[in-house]
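Please read the structure below before turning to the comments.
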Amino acid sequence: MRLLPASLWPRFLKRRLPTSLWGRSLLIIVLPVLVMQVAVTWAFFDMHWQTVTARLSDGLAGDIAWAAESWRDDPTPQNMAVISERAQRSMSLSIALQDGATLPDEKRRGPVGVVDRTLEKALAARLDQPFWFDTTRYPAYVDIRVQQPQGVLRIIAPRERAVATQAHIFVLWLLIATVLLMGVAILFIRNQVRAIERLAEAAEAFGRGETHERFKPHGAREVRAAAVAFLAMRERIQRHIDQRTALLASVSHDLRTPLTRLRLELALAPPFKRADAMRGDLDEMEHMIDEYLAFARGEAGEAAQPVALSDLLAAAGEDARRAGAEVEVAVPDGLTASLRPLAFKRALANLTGNAAAHGEHVRLSARDLPSGGLEIAVEDDGPGIPEDMHEEAFRPFSRLDASRNQNHKGVGLGLAIARDVARGHGGDITLERSDMGGLRALIRLPG
């Protein structure tokens, strides 16, 4: 396996670190705690536990050397009885002589080699005779055997005489302290991150035209300050929208009054050659005013509610049929979405109106997306729009007369209004080539 160059390691680590604030905050708390606990545990076992184990093994080896030397000085059954009685009473050792026996050939070593190495080193320093030991056969005892001319001197010693057996208690308490500390850190970080998530949810909802009336600043002082600043900004933006809507309503009233007066005077005037042309101009002016108001005002004040997409697409398809197009509608049964009905109906009407104006066949469809959310497609068999002009088509007052037949009633706001509605629902609209030969408008909405 090839190692990465040193310059690529920061990028490699960055890609594998958590991307969320929750994950990064937890890593900041947990990683130092784990490093500290590992360092403390390592220092404990390396310095304290091994030192204590070495001293215990050395003391046990000294007692065994005493028993072997005492037997060698007087190899009689009476002396063996005295040695066994003294060893049992004063040293908690069980000593017996196995006449004519020899040391086992196999070596039995435990999974943790530190104990075996320490005990072997201590016995080798204290004994001149060959020896053998087993620390695995008996959980609470150590079996040690020393070769003698008459046989084998077997010593059964309590395990705590050779090993510091209470080390696991320290590790257990260390683990419990780590779990408690991490639990407190997780609860604290979760509360802080939750306050930021609430702020993000409120900001996203406001971007979709919704208002979380119950949202209140929570969390740390800095998070509360950001939330207060967001609420103030939201109030300023909402006040600006309200003022703009009121201004547009006044402009609408001021413009409609002379239009109505002109229409009335035209109706009462005697017939003349340019009367029909003037009525057409008045109709176009009224339509333009309606388009401008719809684009600037939108439907932001409307509340979202569950809507059956089959009903919306069926109504949009019926409008396209009245415009003279052949319409195909394909929507799965039971497909619903949380929408602002009037605003979304207007967006669909703009898209289907464009499709019916520029093509003879229109297809409306909707489906769930595998990644979540849903997609609504409006397609036609018209001339379409060149790919390099797709974004240009969404710009207000852009009519693209060179690529689409001019709609004399339009002012170039249909796609702009539709995209504004889609983005107000948290989604977007994209354009692409349809397999029908014309344009496909895709509305993608979050789940």
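Ligands are numbered from 1 in the order shown, residues from 1 within each chain, and chains are lettered A, B, ... in the order they appear in the structure tokens.
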
Could you pull out the strand (DSSP E or B) residues of region 271-429 of chain A from DSSP and send them as a PDB file with N, CA, C and O atoms, in the first residue's frame?
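selection33.pdb written:
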ATOM      1  N   GLN A 305     -50.404  24.094   2.326  1.00  0.00           N
ATOM      2  CA  GLN A 305     -51.322  23.031   2.747  1.00  0.00           C
ATOM      3  C   GLN A 305     -51.139  21.845   1.816  1.00  0.00           C
ATOM      4  O   GLN A 305     -50.654  21.986   0.685  1.00  0.00           O
ATOM      5  N   PRO A 306     -51.491  20.637   2.274  1.00  0.00           N
ATOM      6  CA  PRO A 306     -51.375  19.455   1.402  1.00  0.00           C
ATOM      7  C   PRO A 306     -52.301  19.584   0.194  1.00  0.00           C
ATOM      8  O   PRO A 306     -53.479  19.890   0.328  1.00  0.00           O
ATOM      9  N   VAL A 307     -51.744  19.328  -0.985  1.00  0.00           N
ATOM     10  CA  VAL A 307     -52.495  19.469  -2.228  1.00  0.00           C
ATOM     11  C   VAL A 307     -52.263  18.222  -3.068  1.00  0.00           C
ATOM     12  O   VAL A 307     -51.131  17.729  -3.172  1.00  0.00           O
ATOM     13  N   ALA A 308     -53.338  17.698  -3.661  1.00  0.00           N
ATOM     14  CA  ALA A 308     -53.230  16.563  -4.580  1.00  0.00           C
ATOM     15  C   ALA A 308     -52.721  17.067  -5.919  1.00  0.00           C
ATOM     16  O   ALA A 308     -53.347  17.915  -6.561  1.00  0.00           O
ATOM     17  N   GLU A 326     -53.219  19.691 -27.555  1.00  0.00           N
ATOM     18  CA  GLU A 326     -53.552  18.343 -27.106  1.00  0.00           C
ATOM     19  C   GLU A 326     -52.714  18.050 -25.857  1.00  0.00           C
ATOM     20  O   GLU A 326     -51.486  18.190 -25.889  1.00  0.00           O
ATOM     21  N   VAL A 327     -53.376  17.616 -24.793  1.00  0.00           N
ATOM     22  CA  VAL A 327     -52.716  17.516 -23.488  1.00  0.00           C
ATOM     23  C   VAL A 327     -52.738  16.077 -22.998  1.00  0.00           C
ATOM     24  O   VAL A 327     -53.766  15.393 -23.112  1.00  0.00           O
ATOM     25  N   GLU A 328     -51.615  15.646 -22.446  1.00  0.00           N
ATOM     26  CA  GLU A 328     -51.502  14.336 -21.794  1.00  0.00           C
ATOM     27  C   GLU A 328     -51.063  14.570 -20.353  1.00  0.00           C
ATOM     28  O   GLU A 328     -50.078  15.278 -20.099  1.00  0.00           O
ATOM     29  N   VAL A 329     -51.787  13.999 -19.394  1.00  0.00           N
ATOM     30  CA  VAL A 329     -51.484  14.159 -17.967  1.00  0.00           C
ATOM     31  C   VAL A 329     -51.188  12.788 -17.378  1.00  0.00           C
ATOM     32  O   VAL A 329     -51.996  11.866 -17.518  1.00  0.00           O
ATOM     33  N   ALA A 330     -50.022  12.655 -16.705  1.00  0.00           N
ATOM     34  CA  ALA A 330     -49.634  11.383 -16.072  1.00  0.00           C
ATOM     35  C   ALA A 330     -49.154  11.675 -14.658  1.00  0.00           C
ATOM     36  O   ALA A 330     -48.044  12.186 -14.455  1.00  0.00           O
ATOM     37  N   THR A 336     -49.145  13.687  -3.276  1.00  0.00           N
ATOM     38  CA  THR A 336     -49.489  14.990  -2.700  1.00  0.00           C
ATOM     39  C   THR A 336     -48.218  15.743  -2.330  1.00  0.00           C
ATOM     40  O   THR A 336     -47.133  15.153  -2.221  1.00  0.00           O
ATOM     41  N   ALA A 337     -48.378  17.036  -2.122  1.00  0.00           N
ATOM     42  CA  ALA A 337     -47.259  17.881  -1.702  1.00  0.00           C
ATOM     43  C   ALA A 337     -47.809  19.047  -0.891  1.00  0.00           C
ATOM     44  O   ALA A 337     -48.969  19.442  -1.060  1.00  0.00           O
ATOM     45  N   SER A 338     -46.976  19.582  -0.004  1.00  0.00           N
ATOM     46  CA  SER A 338     -47.352  20.752   0.791  1.00  0.00           C
ATOM     47  C   SER A 338     -47.015  22.005  -0.022  1.00  0.00           C
ATOM     48  O   SER A 338     -45.839  22.335  -0.203  1.00  0.00           O
ATOM     49  N   LEU A 339     -48.060  22.687  -0.515  1.00  0.00           N
ATOM     50  CA  LEU A 339     -47.872  23.812  -1.429  1.00  0.00           C
ATOM     51  C   LEU A 339     -48.774  24.967  -1.035  1.00  0.00           C
ATOM     52  O   LEU A 339     -49.740  24.794  -0.286  1.00  0.00           O
ATOM     53  N   HIS A 361     -48.684  19.761 -28.858  1.00  0.00           N
ATOM     54  CA  HIS A 361     -48.890  18.691 -27.880  1.00  0.00           C
ATOM     55  C   HIS A 361     -48.171  19.073 -26.584  1.00  0.00           C
ATOM     56  O   HIS A 361     -47.007  19.489 -26.608  1.00  0.00           O
ATOM     57  N   VAL A 362     -48.876  18.886 -25.481  1.00  0.00           N
ATOM     58  CA  VAL A 362     -48.338  19.216 -24.157  1.00  0.00           C
ATOM     59  C   VAL A 362     -48.460  17.979 -23.263  1.00  0.00           C
ATOM     60  O   VAL A 362     -49.510  17.306 -23.280  1.00  0.00           O
ATOM     61  N   ARG A 363     -47.402  17.697 -22.523  1.00  0.00           N
ATOM     62  CA  ARG A 363     -47.429  16.555 -21.590  1.00  0.00           C
ATOM     63  C   ARG A 363     -47.086  17.052 -20.192  1.00  0.00           C
ATOM     64  O   ARG A 363     -46.057  17.701 -19.983  1.00  0.00           O
ATOM     65  N   LEU A 364     -47.963  16.722 -19.224  1.00  0.00           N
ATOM     66  CA  LEU A 364     -47.758  17.061 -17.809  1.00  0.00           C
ATOM     67  C   LEU A 364     -47.570  15.768 -17.034  1.00  0.00           C
ATOM     68  O   LEU A 364     -48.384  14.845 -17.167  1.00  0.00           O
ATOM     69  N   SER A 365     -46.539  15.701 -16.205  1.00  0.00           N
ATOM     70  CA  SER A 365     -46.277  14.491 -15.418  1.00  0.00           C
ATOM     71  C   SER A 365     -45.673  14.875 -14.080  1.00  0.00           C
ATOM     72  O   SER A 365     -45.139  15.980 -13.909  1.00  0.00           O
ATOM     73  N   ALA A 366     -45.750  13.948 -13.136  1.00  0.00           N
ATOM     74  CA  ALA A 366     -45.176  14.141 -11.800  1.00  0.00           C
ATOM     75  C   ALA A 366     -44.717  12.797 -11.275  1.00  0.00           C
ATOM     76  O   ALA A 366     -45.306  11.755 -11.595  1.00  0.00           O
ATOM     77  N   ARG A 367     -43.659  12.813 -10.453  1.00  0.00           N
ATOM     78  CA  ARG A 367     -43.132  11.572  -9.873  1.00  0.00           C
ATOM     79  C   ARG A 367     -42.341  11.887  -8.611  1.00  0.00           C
ATOM     80  O   ARG A 367     -41.863  13.020  -8.422  1.00  0.00           O
ATOM     81  N   ASP A 368     -42.231  10.865  -7.763  1.00  0.00           N
ATOM     82  CA  ASP A 368     -41.363  10.962  -6.591  1.00  0.00           C
ATOM     83  C   ASP A 368     -39.925  10.742  -7.023  1.00  0.00           C
ATOM     84  O   ASP A 368     -39.639   9.898  -7.880  1.00  0.00           O
ATOM     85  N   LEU A 374     -40.050  15.613  -4.963  1.00  0.00           N
ATOM     86  CA  LEU A 374     -40.817  15.230  -6.151  1.00  0.00           C
ATOM     87  C   LEU A 374     -40.444  16.135  -7.310  1.00  0.00           C
ATOM     88  O   LEU A 374     -39.826  17.188  -7.146  1.00  0.00           O
ATOM     89  N   GLU A 375     -40.850  15.681  -8.507  1.00  0.00           N
ATOM     90  CA  GLU A 375     -40.523  16.384  -9.739  1.00  0.00           C
ATOM     91  C   GLU A 375     -41.765  16.479 -10.606  1.00  0.00           C
ATOM     92  O   GLU A 375     -42.478  15.489 -10.803  1.00  0.00           O
ATOM     93  N   ILE A 376     -42.021  17.678 -11.132  1.00  0.00           N
ATOM     94  CA  ILE A 376     -43.133  17.920 -12.038  1.00  0.00           C
ATOM     95  C   ILE A 376     -42.545  18.382 -13.360  1.00  0.00           C
ATOM     96  O   ILE A 376     -41.691  19.284 -13.388  1.00  0.00           O
ATOM     97  N   ALA A 377     -42.986  17.762 -14.466  1.00  0.00           N
ATOM     98  CA  ALA A 377     -42.458  18.075 -15.794  1.00  0.00           C
ATOM     99  C   ALA A 377     -43.572  18.624 -16.667  1.00  0.00           C
ATOM    100  O   ALA A 377     -44.679  18.076 -16.692  1.00  0.00           O
ATOM    101  N   VAL A 378     -43.263  19.713 -17.373  1.00  0.00           N
ATOM    102  CA  VAL A 378     -44.162  20.298 -18.373  1.00  0.00           C
ATOM    103  C   VAL A 378     -43.406  20.292 -19.697  1.00  0.00           C
ATOM    104  O   VAL A 378     -42.384  20.977 -19.826  1.00  0.00           O
ATOM    105  N   GLU A 379     -43.905  19.533 -20.702  1.00  0.00           N
ATOM    106  CA  GLU A 379     -43.193  19.358 -21.962  1.00  0.00           C
ATOM    107  C   GLU A 379     -44.083  19.753 -23.135  1.00  0.00           C
ATOM    108  O   GLU A 379     -45.312  19.674 -23.060  1.00  0.00           O
ATOM    109  N   ASP A 380     -43.413  20.157 -24.209  1.00  0.00           N
ATOM    110  CA  ASP A 380     -44.150  20.478 -25.438  1.00  0.00           C
ATOM    111  C   ASP A 380     -43.319  20.040 -26.636  1.00  0.00           C
ATOM    112  O   ASP A 380     -42.164  19.631 -26.495  1.00  0.00           O
ATOM    113  N   ASP A 428     -36.741  24.516  -7.264  1.00  0.00           N
ATOM    114  CA  ASP A 428     -36.226  25.293  -8.384  1.00  0.00           C
ATOM    115  C   ASP A 428     -36.818  24.749  -9.667  1.00  0.00           C
ATOM    116  O   ASP A 428     -37.460  23.682  -9.679  1.00  0.00           O
ATOM    117  N   ILE A 429     -36.608  25.483 -10.767  1.00  0.00           N
ATOM    118  CA  ILE A 429     -37.039  25.061 -12.096  1.00  0.00           C
ATOM    119  C   ILE A 429     -35.818  25.047 -13.001  1.00  0.00           C
ATOM    120  O   ILE A 429     -35.011  25.979 -12.981  1.00  0.00           O
TER     121      ILE A 429
END

May I have all residues of region 27-274 of chain A that DSSP, computed from the backbone, assigns to helix (DSSP H, G or I), given as a PyMOL selection string?
chain A and resi 27-73+77-91+113-126+159-161+167-207+221-268

Might you pull out every residue within 7 Å of Thr53 (chain A), with only C-alpha atoms counted and same-chain residues fewer than 4 positions away left off, and present them as a PDB file with all heavy atoms, in the first residue's frame?
ATOM      1  N   TRP A  49       1.744  -0.591  37.228  1.00  0.00           N
ATOM      2  CA  TRP A  49       1.357  -2.002  37.237  1.00  0.00           C
ATOM      3  C   TRP A  49       2.556  -2.914  37.016  1.00  0.00           C
ATOM      4  O   TRP A  49       2.725  -3.919  37.706  1.00  0.00           O
ATOM      5  CB  TRP A  49       0.298  -2.225  36.156  1.00  0.00           C
ATOM      6  CG  TRP A  49      -0.267  -3.614  36.154  1.00  0.00           C
ATOM      7  CD1 TRP A  49      -1.154  -4.142  37.035  1.00  0.00           C
ATOM      8  CD2 TRP A  49       0.049  -4.654  35.227  1.00  0.00           C
ATOM      9  NE1 TRP A  49      -1.437  -5.454  36.718  1.00  0.00           N
ATOM     10  CE2 TRP A  49      -0.699  -5.792  35.597  1.00  0.00           C
ATOM     11  CE3 TRP A  49       0.881  -4.738  34.117  1.00  0.00           C
ATOM     12  CZ2 TRP A  49      -0.646  -6.984  34.903  1.00  0.00           C
ATOM     13  CZ3 TRP A  49       0.945  -5.932  33.415  1.00  0.00           C
ATOM     14  CH2 TRP A  49       0.190  -7.039  33.812  1.00  0.00           C
ATOM     15  N   SER A  57       6.566 -10.534  41.830  1.00  0.00           N
ATOM     16  CA  SER A  57       7.227 -11.726  41.280  1.00  0.00           C
ATOM     17  C   SER A  57       8.583 -11.954  41.925  1.00  0.00           C
ATOM     18  O   SER A  57       8.980 -13.110  42.186  1.00  0.00           O
ATOM     19  CB  SER A  57       7.378 -11.573  39.757  1.00  0.00           C
ATOM     20  OG  SER A  57       6.109 -11.483  39.122  1.00  0.00           O
ATOM     21  N   ALA A 162       1.989 -13.071  42.629  1.00  0.00           N
ATOM     22  CA  ALA A 162       2.860 -12.849  41.464  1.00  0.00           C
ATOM     23  C   ALA A 162       2.427 -11.678  40.593  1.00  0.00           C
ATOM     24  O   ALA A 162       3.246 -11.104  39.875  1.00  0.00           O
ATOM     25  CB  ALA A 162       2.922 -14.120  40.608  1.00  0.00           C
ATOM     26  N   VAL A 163       1.134 -11.343  40.653  1.00  0.00           N
ATOM     27  CA  VAL A 163       0.602 -10.328  39.732  1.00  0.00           C
ATOM     28  C   VAL A 163      -0.260  -9.360  40.523  1.00  0.00           C
ATOM     29  O   VAL A 163      -0.971  -9.762  41.456  1.00  0.00           O
ATOM     30  CB  VAL A 163      -0.242 -10.980  38.609  1.00  0.00           C
ATOM     31  CG1 VAL A 163      -0.694  -9.928  37.605  1.00  0.00           C
ATOM     32  CG2 VAL A 163       0.541 -12.084  37.907  1.00  0.00           C
ATOM     33  N   ALA A 164      -0.236  -8.070  40.117  1.00  0.00           N
ATOM     34  CA  ALA A 164      -1.155  -7.076  40.676  1.00  0.00           C
ATOM     35  C   ALA A 164      -2.522  -7.284  40.019  1.00  0.00           C
ATOM     36  O   ALA A 164      -2.770  -6.824  38.909  1.00  0.00           O
ATOM     37  CB  ALA A 164      -0.634  -5.666  40.410  1.00  0.00           C
TER      38      ALA A 164
END

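Between CA of Arg89 (chain A) and CA of Ala125 (chain A) the separation is 25.2 Å.
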
Extract, using only C-alpha atoms, all DNA, RNA and protein residues at most 10 Å from Thr118 (chain A), discarding same-chain residues fewer than 2 positions from it, and format them as a PyMOL selection string.
chain A and resi 50-51+53-58+113-116+120-123+162-163

Take the residues just selected and output them with N, CA, C and O atoms as a PDB file, in the first residue's frame.
ATOM      1  N   GLN A  50       3.409  -2.558  36.035  1.00  0.00           N
ATOM      2  CA  GLN A  50       4.569  -3.417  35.782  1.00  0.00           C
ATOM      3  C   GLN A  50       5.553  -3.387  36.948  1.00  0.00           C
ATOM      4  O   GLN A  50       6.169  -4.415  37.280  1.00  0.00           O
ATOM      5  N   THR A  51       5.675  -2.243  37.565  1.00  0.00           N
ATOM      6  CA  THR A  51       6.596  -2.150  38.712  1.00  0.00           C
ATOM      7  C   THR A  51       6.105  -2.995  39.879  1.00  0.00           C
ATOM      8  O   THR A  51       6.881  -3.745  40.500  1.00  0.00           O
ATOM      9  N   THR A  53       4.000  -5.553  39.707  1.00  0.00           N
ATOM     10  CA  THR A  53       4.075  -6.966  39.314  1.00  0.00           C
ATOM     11  C   THR A  53       5.504  -7.492  39.438  1.00  0.00           C
ATOM     12  O   THR A  53       5.731  -8.624  39.900  1.00  0.00           O
ATOM     13  N   ALA A  54       6.480  -6.685  39.027  1.00  0.00           N
ATOM     14  CA  ALA A  54       7.884  -7.118  39.129  1.00  0.00           C
ATOM     15  C   ALA A  54       8.288  -7.331  40.581  1.00  0.00           C
ATOM     16  O   ALA A  54       8.987  -8.301  40.909  1.00  0.00           O
ATOM     17  N   ARG A  55       7.847  -6.448  41.473  1.00  0.00           N
ATOM     18  CA  ARG A  55       8.204  -6.612  42.898  1.00  0.00           C
ATOM     19  C   ARG A  55       7.516  -7.830  43.503  1.00  0.00           C
ATOM     20  O   ARG A  55       8.122  -8.561  44.301  1.00  0.00           O
ATOM     21  N   LEU A  56       6.250  -8.056  43.129  1.00  0.00           N
ATOM     22  CA  LEU A  56       5.566  -9.240  43.643  1.00  0.00           C
ATOM     23  C   LEU A  56       6.231 -10.518  43.145  1.00  0.00           C
ATOM     24  O   LEU A  56       6.435 -11.483  43.912  1.00  0.00           O
ATOM     25  N   SER A  57       6.566 -10.534  41.830  1.00  0.00           N
ATOM     26  CA  SER A  57       7.227 -11.726  41.280  1.00  0.00           C
ATOM     27  C   SER A  57       8.583 -11.954  41.925  1.00  0.00           C
ATOM     28  O   SER A  57       8.980 -13.110  42.186  1.00  0.00           O
ATOM     29  N   ASP A  58       9.292 -10.877  42.194  1.00  0.00           N
ATOM     30  CA  ASP A  58      10.597 -11.027  42.834  1.00  0.00           C
ATOM     31  C   ASP A  58      10.456 -11.568  44.257  1.00  0.00           C
ATOM     32  O   ASP A  58      11.249 -12.413  44.692  1.00  0.00           O
ATOM     33  N   GLY A 113       1.833 -11.230  27.777  1.00  0.00           N
ATOM     34  CA  GLY A 113       3.178 -11.739  27.998  1.00  0.00           C
ATOM     35  C   GLY A 113       3.941 -11.040  29.088  1.00  0.00           C
ATOM     36  O   GLY A 113       4.993 -11.528  29.511  1.00  0.00           O
ATOM     37  N   VAL A 114       3.422  -9.908  29.566  1.00  0.00           N
ATOM     38  CA  VAL A 114       4.156  -9.153  30.585  1.00  0.00           C
ATOM     39  C   VAL A 114       4.307  -9.965  31.862  1.00  0.00           C
ATOM     40  O   VAL A 114       5.385 -10.010  32.478  1.00  0.00           O
ATOM     41  N   VAL A 115       3.248 -10.652  32.280  1.00  0.00           N
ATOM     42  CA  VAL A 115       3.279 -11.423  33.522  1.00  0.00           C
ATOM     43  C   VAL A 115       4.288 -12.552  33.417  1.00  0.00           C
ATOM     44  O   VAL A 115       5.118 -12.773  34.330  1.00  0.00           O
ATOM     45  N   ASP A 116       4.236 -13.275  32.297  1.00  0.00           N
ATOM     46  CA  ASP A 116       5.146 -14.415  32.141  1.00  0.00           C
ATOM     47  C   ASP A 116       6.599 -13.952  32.073  1.00  0.00           C
ATOM     48  O   ASP A 116       7.486 -14.576  32.678  1.00  0.00           O
ATOM     49  N   GLU A 120       9.336 -15.012  34.859  1.00  0.00           N
ATOM     50  CA  GLU A 120      10.482 -15.797  34.398  1.00  0.00           C
ATOM     51  C   GLU A 120      11.798 -15.100  34.740  1.00  0.00           C
ATOM     52  O   GLU A 120      12.782 -15.744  35.159  1.00  0.00           O
ATOM     53  N   LYS A 121      11.798 -13.787  34.582  1.00  0.00           N
ATOM     54  CA  LYS A 121      13.014 -13.024  34.907  1.00  0.00           C
ATOM     55  C   LYS A 121      13.335 -13.116  36.397  1.00  0.00           C
ATOM     56  O   LYS A 121      14.510 -13.282  36.785  1.00  0.00           O
ATOM     57  N   ALA A 122      12.323 -13.028  37.248  1.00  0.00           N
ATOM     58  CA  ALA A 122      12.557 -13.101  38.695  1.00  0.00           C
ATOM     59  C   ALA A 122      13.020 -14.490  39.113  1.00  0.00           C
ATOM     60  O   ALA A 122      13.944 -14.622  39.953  1.00  0.00           O
ATOM     61  N   LEU A 123      12.409 -15.552  38.578  1.00  0.00           N
ATOM     62  CA  LEU A 123      12.819 -16.916  38.945  1.00  0.00           C
ATOM     63  C   LEU A 123      14.232 -17.207  38.465  1.00  0.00           C
ATOM     64  O   LEU A 123      15.022 -17.874  39.173  1.00  0.00           O
ATOM     65  N   ALA A 162       1.989 -13.071  42.629  1.00  0.00           N
ATOM     66  CA  ALA A 162       2.860 -12.849  41.464  1.00  0.00           C
ATOM     67  C   ALA A 162       2.427 -11.678  40.593  1.00  0.00           C
ATOM     68  O   ALA A 162       3.246 -11.104  39.875  1.00  0.00           O
ATOM     69  N   VAL A 163       1.134 -11.343  40.653  1.00  0.00           N
ATOM     70  CA  VAL A 163       0.602 -10.328  39.732  1.00  0.00           C
ATOM     71  C   VAL A 163      -0.260  -9.360  40.523  1.00  0.00           C
ATOM     72  O   VAL A 163      -0.971  -9.762  41.456  1.00  0.00           O
TER      73      VAL A 163
END

May I have the residues within 8 Å of region 173-183 of chain A as a VMD selection string, using only C-alpha atoms and disregarding those fewer than 2 positions away in the same chain?
chain A and resid 29 to 30 33 to 34 37 169 to 171 185 to 187

Using the selection just defined, write its residues with N, CA, C and O atoms as a tab-separated table (two decimals), in the first residue's frame.
chain	number	residue	atom	x	y	z
A	29	ILE	N	-14.46	17.56	21.68
A	29	ILE	CA	-14.54	17.16	23.09
A	29	ILE	C	-14.01	15.74	23.28
A	29	ILE	O	-13.22	15.46	24.20
A	30	VAL	N	-14.44	14.83	22.42
A	30	VAL	CA	-14.16	13.41	22.64
A	30	VAL	C	-12.70	13.07	22.37
A	30	VAL	O	-12.08	12.31	23.12
A	33	VAL	N	-10.30	13.83	25.20
A	33	VAL	CA	-10.59	12.96	26.35
A	33	VAL	C	-10.03	11.56	26.10
A	33	VAL	O	-9.39	10.96	26.98
A	34	LEU	N	-10.26	11.03	24.91
A	34	LEU	CA	-9.75	9.69	24.60
A	34	LEU	C	-8.23	9.66	24.63
A	34	LEU	O	-7.63	8.70	25.15
A	37	GLN	N	-7.17	9.71	28.25
A	37	GLN	CA	-7.42	8.44	28.93
A	37	GLN	C	-6.44	7.37	28.49
A	37	GLN	O	-5.95	6.57	29.30
A	169	ILE	N	-9.67	-2.87	38.04
A	169	ILE	CA	-10.56	-1.94	38.75
A	169	ILE	C	-10.26	-0.50	38.32
A	169	ILE	O	-11.16	0.31	38.09
A	170	PHE	N	-8.97	-0.20	38.22
A	170	PHE	CA	-8.58	1.14	37.78
A	170	PHE	C	-9.09	1.42	36.37
A	170	PHE	O	-9.64	2.49	36.07
A	171	VAL	N	-8.92	0.45	35.48
A	171	VAL	CA	-9.38	0.63	34.09
A	171	VAL	C	-10.90	0.78	34.05
A	171	VAL	O	-11.44	1.59	33.29
A	185	ALA	N	-20.96	15.73	27.82
A	185	ALA	CA	-20.55	16.53	26.66
A	185	ALA	C	-21.55	16.40	25.52
A	185	ALA	O	-21.88	17.39	24.85
A	186	ILE	N	-22.05	15.19	25.29
A	186	ILE	CA	-23.02	14.98	24.21
A	186	ILE	C	-24.30	15.76	24.47
A	186	ILE	O	-24.85	16.41	23.57
A	187	LEU	N	-24.81	15.70	25.71
A	187	LEU	CA	-26.03	16.45	26.03
A	187	LEU	C	-25.82	17.95	25.87
A	187	LEU	O	-26.67	18.66	25.30

note - CA of Thr41 (chain A) and CA of Tyr138 (chain A) are separated by 27.1 Å

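Taking CA of Ala96 (chain A) and CA of Arg137 (chain A) as endpoints, the distance between them is 17.9 Å.
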
All residues 10 Å or closer to Asp143 (chain A), only C-alpha atoms, same chain fewer than 3 positions away omitted, as a tab-separated table (two decimals) with N, CA, C and O atoms, in the first residue's frame:
chain	number	residue	atom	x	y	z
A	94	SER	N	1.68	-23.63	48.71
A	94	SER	CA	1.48	-25.08	48.86
A	94	SER	C	2.66	-25.77	48.17
A	94	SER	O	2.83	-25.66	46.94
A	132	TRP	N	10.07	-24.49	35.79
A	132	TRP	CA	8.95	-24.42	34.82
A	132	TRP	C	7.76	-23.81	35.56
A	132	TRP	O	7.57	-24.03	36.77
A	133	PHE	N	6.94	-23.01	34.84
A	133	PHE	CA	5.77	-22.42	35.50
A	133	PHE	C	4.62	-22.30	34.50
A	133	PHE	O	4.82	-22.31	33.28
A	134	ASP	N	3.44	-22.20	35.06
A	134	ASP	CA	2.21	-22.08	34.25
A	134	ASP	C	1.28	-21.08	34.95
A	134	ASP	O	0.88	-21.28	36.10
A	135	THR	N	0.95	-19.98	34.22
A	135	THR	CA	0.06	-18.96	34.78
A	135	THR	C	-1.34	-19.02	34.21
A	135	THR	O	-2.16	-18.13	34.49
A	136	THR	N	-1.64	-20.06	33.40
A	136	THR	CA	-2.93	-20.11	32.70
A	136	THR	C	-3.85	-21.23	33.18
A	136	THR	O	-5.07	-21.14	32.99
A	137	ARG	N	-3.32	-22.30	33.77
A	137	ARG	CA	-4.15	-23.47	34.09
A	137	ARG	C	-5.17	-23.16	35.17
A	137	ARG	O	-6.35	-23.53	35.08
A	138	TYR	N	-4.77	-22.47	36.22
A	138	TYR	CA	-5.66	-22.16	37.34
A	138	TYR	C	-5.91	-20.65	37.37
A	138	TYR	O	-4.94	-19.87	37.44
A	154	ARG	N	7.17	-28.96	43.56
A	154	ARG	CA	6.02	-28.24	42.97
A	154	ARG	C	5.46	-27.25	43.99
A	154	ARG	O	5.13	-27.62	45.11
A	155	ILE	N	5.30	-25.98	43.55
A	155	ILE	CA	4.77	-24.92	44.41
A	155	ILE	C	3.52	-24.34	43.76
A	155	ILE	O	3.56	-23.92	42.60
A	156	ILE	N	2.43	-24.33	44.49
A	156	ILE	CA	1.19	-23.68	44.05
A	156	ILE	C	1.04	-22.40	44.85
A	156	ILE	O	0.85	-22.45	46.07
A	157	ALA	N	1.11	-21.23	44.14
A	157	ALA	CA	1.07	-19.92	44.81
A	157	ALA	C	-0.18	-19.16	44.39
A	157	ALA	O	-0.63	-19.26	43.23
A	158	PRO	N	-0.77	-18.42	45.32
A	158	PRO	CA	-1.90	-17.56	44.92
A	158	PRO	C	-1.47	-16.58	43.83
A	158	PRO	O	-0.34	-16.07	43.84
A	159	ARG	N	-2.35	-16.31	42.90
A	159	ARG	CA	-2.01	-15.45	41.78
A	159	ARG	C	-1.63	-14.04	42.23
A	159	ARG	O	-0.75	-13.40	41.63

Which residues come within 12 Å of Ile95 (chain A), counting only C-alpha atoms, excluding same-chain residues fewer than 3 positions away, as a count of residues only?
30

So, with only C-alpha atoms as the atoms that count, which of A:Val52, A:Leu348, A:Leu21, A:Ala232 lies closest to Ile196 (chain A)?
A:Leu21

Residue with the minimum atom-to-atom distance to Leu309 (chain A), picked from A:Arg194, A:Arg322, A:Arg109, A:Lys345 with only C-alpha atoms counted, is A:Lys345
